[in-house]
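Notes to accompany the following structure.
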Amino acid sequence: MSDDEPLDRAHLLSHAQALFPGAMIDVIHTPDEIIHIDVDGHRFTFEIGSDDDEYFFADGKSAFSIPLMEIDWDF
(Lines give C-alpha, C1' and ligand atoms only; values in the text may rest on other atoms or scores of the structure.)
Protein backbone atom coordinates (compact mmCIF):
# COMPACT_ATOMS: atom_id res chain seq x y z
CA MET A 1 0.00 0.00 0.00
CA SER A 2 1.37 3.40 -0.95
CA ASP A 3 1.39 6.26 1.55
CA ASP A 4 -1.30 8.15 -0.36
CA GLU A 5 -3.62 5.14 -0.75
CA PRO A 6 -6.76 5.32 1.44
CA LEU A 7 -6.66 2.93 4.40
CA ASP A 8 -9.85 1.16 3.36
CA ARG A 9 -8.98 0.61 -0.33
CA ALA A 10 -7.63 -2.95 0.11
CA HIS A 11 -10.56 -3.80 2.42
CA LEU A 12 -13.11 -2.62 -0.15
CA LEU A 13 -11.29 -4.29 -3.02
CA SER A 14 -11.09 -7.69 -1.33
CA HIS A 15 -14.79 -7.65 -0.36
CA ALA A 16 -15.85 -6.54 -3.84
CA GLN A 17 -13.74 -9.31 -5.41
CA ALA A 18 -15.46 -11.84 -3.14
CA LEU A 19 -18.90 -10.49 -4.09
CA PHE A 20 -18.11 -10.45 -7.83
CA PRO A 21 -15.67 -13.30 -8.52
CA GLY A 22 -13.90 -13.00 -11.86
CA ALA A 23 -14.99 -9.39 -12.42
CA MET A 24 -12.59 -6.51 -13.01
CA ILE A 25 -12.87 -4.35 -9.87
CA ASP A 26 -11.62 -0.82 -9.37
CA VAL A 27 -11.99 1.22 -6.17
CA ILE A 28 -11.96 5.00 -6.65
CA HIS A 29 -11.83 7.58 -3.84
CA THR A 30 -12.66 11.12 -4.97
CA PRO A 31 -11.49 14.35 -3.31
CA ASP A 32 -15.11 15.19 -2.45
CA GLU A 33 -15.40 12.10 -0.19
CA ILE A 34 -17.22 9.76 -2.53
CA ILE A 35 -16.14 6.17 -3.09
CA HIS A 36 -16.92 4.38 -6.33
CA ILE A 37 -16.52 0.69 -6.99
CA ASP A 38 -16.49 -0.18 -10.68
CA VAL A 39 -17.47 -3.77 -11.45
CA ASP A 40 -16.64 -4.64 -15.05
CA GLY A 41 -17.07 -0.95 -15.85
CA HIS A 42 -20.40 -0.62 -14.04
CA ARG A 43 -20.21 2.06 -11.32
CA PHE A 44 -21.63 1.77 -7.79
CA THR A 45 -21.33 4.75 -5.43
CA PHE A 46 -21.04 5.31 -1.67
CA GLU A 47 -20.99 8.79 -0.15
CA ILE A 48 -18.58 9.00 2.77
CA GLY A 49 -19.97 10.50 5.94
CA SER A 50 -23.30 8.76 6.01
CA ASP A 51 -24.39 7.41 9.37
CA ASP A 52 -24.51 3.83 8.13
CA ASP A 53 -22.77 0.98 9.91
CA GLU A 54 -21.63 -0.41 6.56
CA TYR A 55 -20.53 0.79 3.15
CA PHE A 56 -23.70 0.78 1.00
CA PHE A 57 -22.97 1.03 -2.72
CA ALA A 58 -25.79 1.72 -5.18
CA ASP A 59 -26.22 2.48 -8.84
CA GLY A 60 -29.87 3.52 -8.80
CA LYS A 61 -31.16 0.05 -9.72
CA SER A 62 -29.18 -2.36 -7.58
CA ALA A 63 -26.97 -2.22 -4.51
CA PHE A 64 -24.59 -4.16 -2.30
CA SER A 65 -22.99 -3.57 1.07
CA ILE A 66 -19.57 -4.14 2.59
CA PRO A 67 -18.92 -4.13 6.34
CA LEU A 68 -17.01 -1.14 7.65
CA MET A 69 -13.30 -1.62 8.13
CA GLU A 70 -12.19 -1.64 11.74
CA ILE A 71 -9.07 0.44 12.20
CA ASP A 72 -6.59 -0.22 14.98
CA TRP A 73 -5.33 3.29 15.73
CA ASP A 74 -2.76 1.86 18.17
CA PHE A 75 -0.53 0.31 15.47
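Residues are named by chain letter and number: chains run A, B, ... in the order of the C-alpha coordinates, numbers start at 1 in each chain, and ligands are numbered from 1 in the order shown.
The protein and nucleic acid residues lying at most 12 Å from His36 of chain A are Arg9, Leu12, Leu13, Ala16, Ile25, Asp26, Val27, Ile28, His29, Thr30, His42, Arg43, Phe44, Thr45, Phe46, Glu47, Ile48, Tyr55, Phe56, Phe57, Ala58 and Asp59 of chain A, with only C-alpha atoms considered and sequence neighbours fewer than 6 positions away removed.
Here the residues within chain A that DSSP labels strand (DSSP E or B) on the basis of the backbone are Ile25, Asp26, Val27, Ile28, His29, Ile34, Ile35, His36, Ile37, Asp38, Val39, His42, Arg43, Phe44, Thr45, Phe46, Glu47, Glu54, Tyr55, Phe56, Phe57, Ala58, Ala63, Phe64, Ser65, Ile66 and Pro67 of chain A.
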- Item | Every residue of chain A that DSSP places in alpha helix (DSSP H), as a ChimeraX atom specification | /A:9-19
For the residues selected in the previous step, produce a file with N, CA, C and O atoms as a PDB file, in the first residue's frame.
```
ATOM      1  N   ARG A   9      -8.952   1.052   1.061  1.00  0.00           N
ATOM      2  CA  ARG A   9      -8.978   0.609  -0.330  1.00  0.00           C
ATOM      3  C   ARG A   9      -8.834  -0.905  -0.453  1.00  0.00           C
ATOM      4  O   ARG A   9      -9.620  -1.559  -1.146  1.00  0.00           O
ATOM      5  N   ALA A  10      -7.850  -1.497   0.189  1.00  0.00           N
ATOM      6  CA  ALA A  10      -7.630  -2.951   0.107  1.00  0.00           C
ATOM      7  C   ALA A  10      -8.821  -3.712   0.697  1.00  0.00           C
ATOM      8  O   ALA A  10      -9.222  -4.752   0.175  1.00  0.00           O
ATOM      9  N   HIS A  11      -9.385  -3.195   1.783  1.00  0.00           N
ATOM     10  CA  HIS A  11     -10.557  -3.802   2.418  1.00  0.00           C
ATOM     11  C   HIS A  11     -11.728  -3.838   1.436  1.00  0.00           C
ATOM     12  O   HIS A  11     -12.359  -4.875   1.236  1.00  0.00           O
ATOM     13  N   LEU A  12     -12.018  -2.708   0.804  1.00  0.00           N
ATOM     14  CA  LEU A  12     -13.115  -2.621  -0.147  1.00  0.00           C
ATOM     15  C   LEU A  12     -12.862  -3.498  -1.368  1.00  0.00           C
ATOM     16  O   LEU A  12     -13.760  -4.205  -1.842  1.00  0.00           O
ATOM     17  N   LEU A  13     -11.641  -3.495  -1.852  1.00  0.00           N
ATOM     18  CA  LEU A  13     -11.288  -4.289  -3.023  1.00  0.00           C
ATOM     19  C   LEU A  13     -11.469  -5.779  -2.759  1.00  0.00           C
ATOM     20  O   LEU A  13     -12.075  -6.493  -3.562  1.00  0.00           O
ATOM     21  N   SER A  14     -10.987  -6.252  -1.620  1.00  0.00           N
ATOM     22  CA  SER A  14     -11.093  -7.690  -1.333  1.00  0.00           C
ATOM     23  C   SER A  14     -12.547  -8.128  -1.161  1.00  0.00           C
ATOM     24  O   SER A  14     -12.948  -9.188  -1.638  1.00  0.00           O
ATOM     25  N   HIS A  15     -13.367  -7.301  -0.513  1.00  0.00           N
ATOM     26  CA  HIS A  15     -14.786  -7.647  -0.356  1.00  0.00           C
ATOM     27  C   HIS A  15     -15.515  -7.619  -1.706  1.00  0.00           C
ATOM     28  O   HIS A  15     -16.338  -8.494  -1.984  1.00  0.00           O
ATOM     29  N   ALA A  16     -15.210  -6.625  -2.522  1.00  0.00           N
ATOM     30  CA  ALA A  16     -15.848  -6.542  -3.842  1.00  0.00           C
ATOM     31  C   ALA A  16     -15.445  -7.730  -4.715  1.00  0.00           C
ATOM     32  O   ALA A  16     -16.278  -8.294  -5.427  1.00  0.00           O
ATOM     33  N   GLN A  17     -14.188  -8.142  -4.638  1.00  0.00           N
ATOM     34  CA  GLN A  17     -13.741  -9.309  -5.408  1.00  0.00           C
ATOM     35  C   GLN A  17     -14.453 -10.576  -4.948  1.00  0.00           C
ATOM     36  O   GLN A  17     -14.779 -11.435  -5.760  1.00  0.00           O
ATOM     37  N   ALA A  18     -14.725 -10.676  -3.655  1.00  0.00           N
ATOM     38  CA  ALA A  18     -15.460 -11.841  -3.137  1.00  0.00           C
ATOM     39  C   ALA A  18     -16.922 -11.815  -3.586  1.00  0.00           C
ATOM     40  O   ALA A  18     -17.510 -12.865  -3.863  1.00  0.00           O
ATOM     41  N   LEU A  19     -17.507 -10.625  -3.663  1.00  0.00           N
ATOM     42  CA  LEU A  19     -18.899 -10.491  -4.095  1.00  0.00           C
ATOM     43  C   LEU A  19     -19.072 -10.720  -5.593  1.00  0.00           C
ATOM     44  O   LEU A  19     -20.117 -11.181  -6.044  1.00  0.00           O
TER      45      LEU A  19
END
```
